[in-house]
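Below is the file protein-v1.pdb, which contains PDB, C-alpha atoms.
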ATOM      1  CA  MET A   3      56.910 -22.228 -64.280
ATOM      2  CA  ALA A   4      53.717 -20.429 -65.283
ATOM      3  CA  SER A   5      52.571 -17.425 -63.316
ATOM      4  CA  VAL A   6      49.564 -17.695 -61.035
ATOM      5  CA  SER A   7      47.613 -15.342 -63.294
ATOM      6  CA  THR A   8      48.284 -17.725 -66.192
ATOM      7  CA  LYS A   9      47.260 -20.695 -64.082
ATOM      8  CA  ARG A  10      44.101 -18.873 -63.043
ATOM      9  CA  LYS A  11      43.088 -18.576 -66.691
ATOM     10  CA  ASP A  12      43.740 -22.281 -67.271
ATOM     11  CA  THR A  13      42.202 -23.503 -64.007
ATOM     12  CA  LYS A  14      38.697 -22.526 -63.090
ATOM     13  CA  LEU A  15      38.522 -21.342 -59.506
ATOM     14  CA  LYS A  16      35.627 -22.563 -57.397
ATOM     15  CA  LEU A  17      33.290 -19.894 -56.063
ATOM     16  CA  VAL A  18      32.945 -20.258 -52.297
ATOM     17  CA  ARG A  19      29.666 -19.197 -50.727
ATOM     18  CA  GLU A  20      29.429 -18.341 -47.025
ATOM     19  CA  THR A  21      27.257 -16.276 -44.728
ATOM     20  CA  LEU A  22      29.008 -13.396 -42.965
ATOM     21  CA  HIS A  23      27.071 -11.376 -40.388
ATOM     22  CA  GLY A  24      23.835 -12.776 -41.807
ATOM     23  CA  GLU A  25      24.692 -11.691 -45.363
ATOM     24  CA  PRO A  26      25.882 -13.834 -48.273
ATOM     25  CA  TYR A  27      29.608 -13.579 -48.995
ATOM     26  CA  GLU A  28      31.003 -15.101 -52.188
ATOM     27  CA  TYR A  29      34.640 -15.237 -53.184
ATOM     28  CA  TYR A  30      37.238 -17.035 -55.260
ATOM     29  CA  PRO A  31      40.139 -18.097 -53.030
ATOM     30  CA  LEU A  32      43.539 -17.026 -54.351
ATOM     31  CA  GLY A  33      45.180 -18.193 -51.135
ATOM     32  CA  LYS A  34      44.150 -18.788 -47.550
ATOM     33  CA  TYR A  35      43.721 -15.058 -46.832
ATOM     34  CA  ILE A  36      43.633 -13.419 -50.273
ATOM     35  CA  VAL A  37      40.387 -13.708 -52.220
ATOM     36  CA  ALA A  38      38.634 -12.153 -55.189
ATOM     37  CA  ALA A  39      35.075 -11.390 -54.100
ATOM     38  CA  PRO A  40      32.663 -10.200 -56.777
ATOM     39  CA  GLY A  41      31.240  -6.856 -55.698
ATOM     40  CA  VAL A  42      34.045  -6.131 -53.207
ATOM     41  CA  CYS A  43      36.634  -3.624 -54.454
ATOM     42  CA  GLY A  44      35.572  -4.330 -58.016
ATOM     43  CA  GLY A  45      36.445  -8.019 -57.629
ATOM     44  CA  ARG A  46      40.150  -7.221 -57.176
ATOM     45  CA  PRO A  47      42.189  -9.334 -54.728
ATOM     46  CA  THR A  48      41.431  -8.400 -51.124
ATOM     47  CA  ILE A  49      42.032  -9.693 -47.637
ATOM     48  CA  LYS A  50      39.289 -12.236 -46.891
ATOM     49  CA  TYR A  51      36.404 -10.747 -44.856
ATOM     50  CA  HIS A  52      37.835  -7.231 -45.224
ATOM     51  CA  ARG A  53      37.481  -4.512 -47.827
ATOM     52  CA  LEU A  54      41.245  -4.181 -47.895
ATOM     53  CA  ASP A  55      42.754  -4.295 -51.378
ATOM     54  CA  ALA A  56      45.854  -6.491 -51.590
ATOM     55  CA  MET A  57      47.634  -3.786 -53.629
ATOM     56  CA  HIS A  58      47.225  -1.469 -50.658
ATOM     57  CA  ILE A  59      49.125  -3.991 -48.519
ATOM     58  CA  ILE A  60      51.807  -4.346 -51.209
ATOM     59  CA  GLY A  61      52.244  -0.572 -51.268
ATOM     60  CA  PHE A  62      52.968  -0.507 -47.545
ATOM     61  CA  LEU A  63      55.417  -3.401 -47.873
ATOM     62  CA  GLU A  64      57.201  -1.661 -50.757
ATOM     63  CA  HIS A  65      57.542   1.470 -48.613
ATOM     64  CA  GLY A  66      59.285  -0.572 -45.935
ATOM     65  CA  ASP A  67      56.527  -1.086 -43.380
ATOM     66  CA  SER A  68      56.846  -4.361 -41.495
ATOM     67  CA  SER A  69      54.274  -7.125 -41.813
ATOM     68  CA  LYS A  70      53.593  -6.842 -38.076
ATOM     69  CA  LEU A  71      52.915  -3.099 -38.287
ATOM     70  CA  ILE A  72      50.545  -3.497 -41.235
ATOM     71  CA  ALA A  73      48.738  -6.377 -39.529
ATOM     72  CA  ARG A  74      48.342  -4.403 -36.318
ATOM     73  CA  ASN A  75      47.129  -1.263 -38.108
ATOM     74  CA  TYR A  76      44.490  -3.165 -40.082
ATOM     75  CA  ARG A  77      43.680  -5.828 -37.472
ATOM     76  CA  ILE A  78      44.480  -8.685 -39.816
ATOM     77  CA  PRO A  79      46.749 -11.696 -39.328
ATOM     78  CA  VAL A  80      50.443 -11.230 -40.076
ATOM     79  CA  ALA A  81      50.102 -14.317 -42.262
ATOM     80  CA  ALA A  82      47.605 -12.422 -44.459
ATOM     81  CA  VAL A  83      50.133  -9.640 -45.026
ATOM     82  CA  ARG A  84      52.835 -12.172 -45.856
ATOM     83  CA  GLU A  85      50.524 -14.018 -48.220
ATOM     84  CA  ALA A  86      49.733 -10.781 -50.075
ATOM     85  CA  GLY A  87      53.468 -10.244 -50.558
ATOM     86  CA  GLU A  88      54.099 -13.831 -51.613
ATOM     87  CA  LEU A  89      51.223 -13.839 -54.085
ATOM     88  CA  ALA A  90      52.429 -10.538 -55.537
ATOM     89  CA  LEU A  91      55.531 -12.420 -56.684
ATOM     90  CA  LEU A  92      53.348 -14.907 -58.555
ATOM     91  CA  TYR A  93      50.087 -13.116 -59.325
ATOM     92  CA  ASP A  94      49.770  -9.968 -61.396
ATOM     93  CA  TYR A  95      47.590  -7.834 -59.112
ATOM     94  CA  GLU A  96      47.872  -4.972 -61.618
ATOM     95  CA  GLU A  97      46.128  -7.144 -64.215
ATOM     96  CA  SER A  98      43.078  -7.254 -61.943
ATOM     97  CA  TYR A  99      42.766  -3.460 -62.256
ATOM     98  CA  ALA A 100      42.498  -3.588 -66.061
TER      99      ALA A 100
END

Could you show the structure in this file as structure tokens?
Amino acid sequence: MASVSTKRKDTKLKLVRETLHGEPYEYYPLGKYIVAAPGVCGGRPTIKYHRLDAMHIIGFLEHGDSSKLIARNYRIPVAAVREAGELALLYDYEESYA
């Protein structure tokens, strides 16, 4: 099975355009909660509608913090934290920093 990062190169993601708080918000969905928004955190994967880098979430998970604790601390859905962890198994977040 090919990795998500490989699939992303082969499959063109569709840019989604929305209005958030009266301002345009554009992103490429990597999942339901994880997006790559040009101009937000350098276009690296983030939690949708937040300036919260997915690697930051992964760091907390790797240090043993629970998904519920992370979600509560950042006021995001637990499902978003879980999705960041699940995508980390498939998607090379580090590649997005290069």

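Atom to atom, CA of Val37 (chain A) and CA of Ala56 (chain A) stand 9.1 Å apart.
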
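CA of Asp55 (chain A) lies 12.6 Å from CA of Gly41 (chain A).
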
Problem - Selection result for the PyMOL selection byres ((chain A and resi 58-74) around 12) on this file, as a PyMOL selection string - result: chain A and resi 36+43+46-49+53-57+75-91+94-96

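Taking CA of Tyr29 (chain A) as the reference point, CA of Leu92 (chain A) is found at 19.5 Å.
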
The centre and edge lengths of an axis-aligned box containing all atoms of region 77-88 of chain A present in the file, extended by 4 Å on each side, are to be given in Å to one decimal, as JSON.
{"center_x": 48.9, "center_y": -10.1, "center_z": -44.5, "size_x": 18.4, "size_y": 16.5, "size_z": 22.1}

Problem - Picked residues, the PyMOL selection byres ((chain A and resi 27) around 12), expected as a VMD selection string - result: chain A and resid 17 to 26 28 to 30 37 to 42 50 to 52

All heavy atoms are what I want for region 37-48 of chain A; can you complete it accordingly and write them as a PDB file, in the coordinates of the input?
ATOM      1  N   VAL A  37      41.511 -13.235 -51.420  1.00  0.00           N
ATOM      2  CA  VAL A  37      40.387 -13.708 -52.220  1.00  0.00           C
ATOM      3  C   VAL A  37      40.008 -12.651 -53.256  1.00  0.00           C
ATOM      4  O   VAL A  37      40.388 -11.490 -53.134  1.00  0.00           O
ATOM      5  CB  VAL A  37      39.157 -14.023 -51.332  1.00  0.00           C
ATOM      6  CG1 VAL A  37      39.481 -15.091 -50.298  1.00  0.00           C
ATOM      7  CG2 VAL A  37      38.596 -12.780 -50.683  1.00  0.00           C
ATOM      8  N   ALA A  38      39.256 -13.069 -54.234  1.00  0.00           N
ATOM      9  CA  ALA A  38      38.634 -12.153 -55.189  1.00  0.00           C
ATOM     10  C   ALA A  38      37.135 -12.320 -55.003  1.00  0.00           C
ATOM     11  O   ALA A  38      36.578 -13.362 -55.345  1.00  0.00           O
ATOM     12  CB  ALA A  38      39.056 -12.482 -56.615  1.00  0.00           C
ATOM     13  N   ALA A  39      36.503 -11.330 -54.393  1.00  0.00           N
ATOM     14  CA  ALA A  39      35.075 -11.390 -54.100  1.00  0.00           C
ATOM     15  C   ALA A  39      34.317 -10.475 -55.055  1.00  0.00           C
ATOM     16  O   ALA A  39      34.535  -9.266 -55.042  1.00  0.00           O
ATOM     17  CB  ALA A  39      34.817 -10.980 -52.650  1.00  0.00           C
ATOM     18  N   PRO A  40      33.455 -11.042 -55.891  1.00  0.00           N
ATOM     19  CA  PRO A  40      32.663 -10.200 -56.777  1.00  0.00           C
ATOM     20  C   PRO A  40      31.895  -9.154 -55.962  1.00  0.00           C
ATOM     21  O   PRO A  40      31.320  -9.461 -54.929  1.00  0.00           O
ATOM     22  CB  PRO A  40      31.697 -11.186 -57.451  1.00  0.00           C
ATOM     23  CG  PRO A  40      32.377 -12.512 -57.336  1.00  0.00           C
ATOM     24  CD  PRO A  40      33.133 -12.457 -56.042  1.00  0.00           C
ATOM     25  N   GLY A  41      31.950  -7.925 -56.389  1.00  0.00           N
ATOM     26  CA  GLY A  41      31.240  -6.856 -55.698  1.00  0.00           C
ATOM     27  C   GLY A  41      32.011  -6.213 -54.555  1.00  0.00           C
ATOM     28  O   GLY A  41      31.543  -5.268 -53.951  1.00  0.00           O
ATOM     29  N   VAL A  42      33.200  -6.725 -54.248  1.00  0.00           N
ATOM     30  CA  VAL A  42      34.045  -6.131 -53.207  1.00  0.00           C
ATOM     31  C   VAL A  42      35.285  -5.579 -53.896  1.00  0.00           C
ATOM     32  O   VAL A  42      36.026  -6.331 -54.533  1.00  0.00           O
ATOM     33  CB  VAL A  42      34.446  -7.160 -52.131  1.00  0.00           C
ATOM     34  CG1 VAL A  42      35.388  -6.540 -51.119  1.00  0.00           C
ATOM     35  CG2 VAL A  42      33.207  -7.718 -51.444  1.00  0.00           C
ATOM     36  N   CYS A  43      35.480  -4.293 -53.808  1.00  0.00           N
ATOM     37  CA  CYS A  43      36.634  -3.624 -54.454  1.00  0.00           C
ATOM     38  C   CYS A  43      36.724  -3.980 -55.936  1.00  0.00           C
ATOM     39  O   CYS A  43      37.803  -4.241 -56.464  1.00  0.00           O
ATOM     40  CB  CYS A  43      37.930  -3.964 -53.725  1.00  0.00           C
ATOM     41  SG  CYS A  43      38.014  -3.307 -52.055  1.00  0.00           S
ATOM     42  N   GLY A  44      35.594  -4.040 -56.590  1.00  0.00           N
ATOM     43  CA  GLY A  44      35.572  -4.330 -58.016  1.00  0.00           C
ATOM     44  C   GLY A  44      36.029  -5.733 -58.367  1.00  0.00           C
ATOM     45  O   GLY A  44      36.399  -6.002 -59.500  1.00  0.00           O
ATOM     46  N   GLY A  45      36.018  -6.646 -57.391  1.00  0.00           N
ATOM     47  CA  GLY A  45      36.445  -8.019 -57.629  1.00  0.00           C
ATOM     48  C   GLY A  45      37.956  -8.204 -57.590  1.00  0.00           C
ATOM     49  O   GLY A  45      38.461  -9.288 -57.842  1.00  0.00           O
ATOM     50  N   ARG A  46      38.694  -7.119 -57.275  1.00  0.00           N
ATOM     51  CA  ARG A  46      40.150  -7.221 -57.176  1.00  0.00           C
ATOM     52  C   ARG A  46      40.533  -8.027 -55.938  1.00  0.00           C
ATOM     53  O   ARG A  46      39.750  -8.142 -55.003  1.00  0.00           O
ATOM     54  CB  ARG A  46      40.776  -5.832 -57.119  1.00  0.00           C
ATOM     55  CG  ARG A  46      40.591  -5.033 -58.401  1.00  0.00           C
ATOM     56  CD  ARG A  46      41.296  -3.687 -58.333  1.00  0.00           C
ATOM     57  NE  ARG A  46      40.913  -2.899 -57.174  1.00  0.00           N
ATOM     58  CZ  ARG A  46      39.878  -2.068 -57.124  1.00  0.00           C
ATOM     59  NH1 ARG A  46      39.091  -1.934 -58.181  1.00  0.00           N
ATOM     60  NH2 ARG A  46      39.627  -1.361 -56.037  1.00  0.00           N
ATOM     61  N   PRO A  47      41.747  -8.563 -55.894  1.00  0.00           N
ATOM     62  CA  PRO A  47      42.189  -9.334 -54.728  1.00  0.00           C
ATOM     63  C   PRO A  47      42.157  -8.494 -53.448  1.00  0.00           C
ATOM     64  O   PRO A  47      42.628  -7.350 -53.426  1.00  0.00           O
ATOM     65  CB  PRO A  47      43.621  -9.723 -55.079  1.00  0.00           C
ATOM     66  CG  PRO A  47      43.646  -9.751 -56.573  1.00  0.00           C
ATOM     67  CD  PRO A  47      42.740  -8.611 -56.977  1.00  0.00           C
ATOM     68  N   THR A  48      41.555  -9.063 -52.419  1.00  0.00           N
ATOM     69  CA  THR A  48      41.431  -8.400 -51.124  1.00  0.00           C
ATOM     70  C   THR A  48      41.765  -9.389 -50.015  1.00  0.00           C
ATOM     71  O   THR A  48      41.856 -10.593 -50.238  1.00  0.00           O
ATOM     72  CB  THR A  48      40.000  -7.876 -50.883  1.00  0.00           C
ATOM     73  OG1 THR A  48      39.088  -8.978 -50.942  1.00  0.00           O
ATOM     74  CG2 THR A  48      39.596  -6.821 -51.889  1.00  0.00           C
TER      75      THR A  48
END
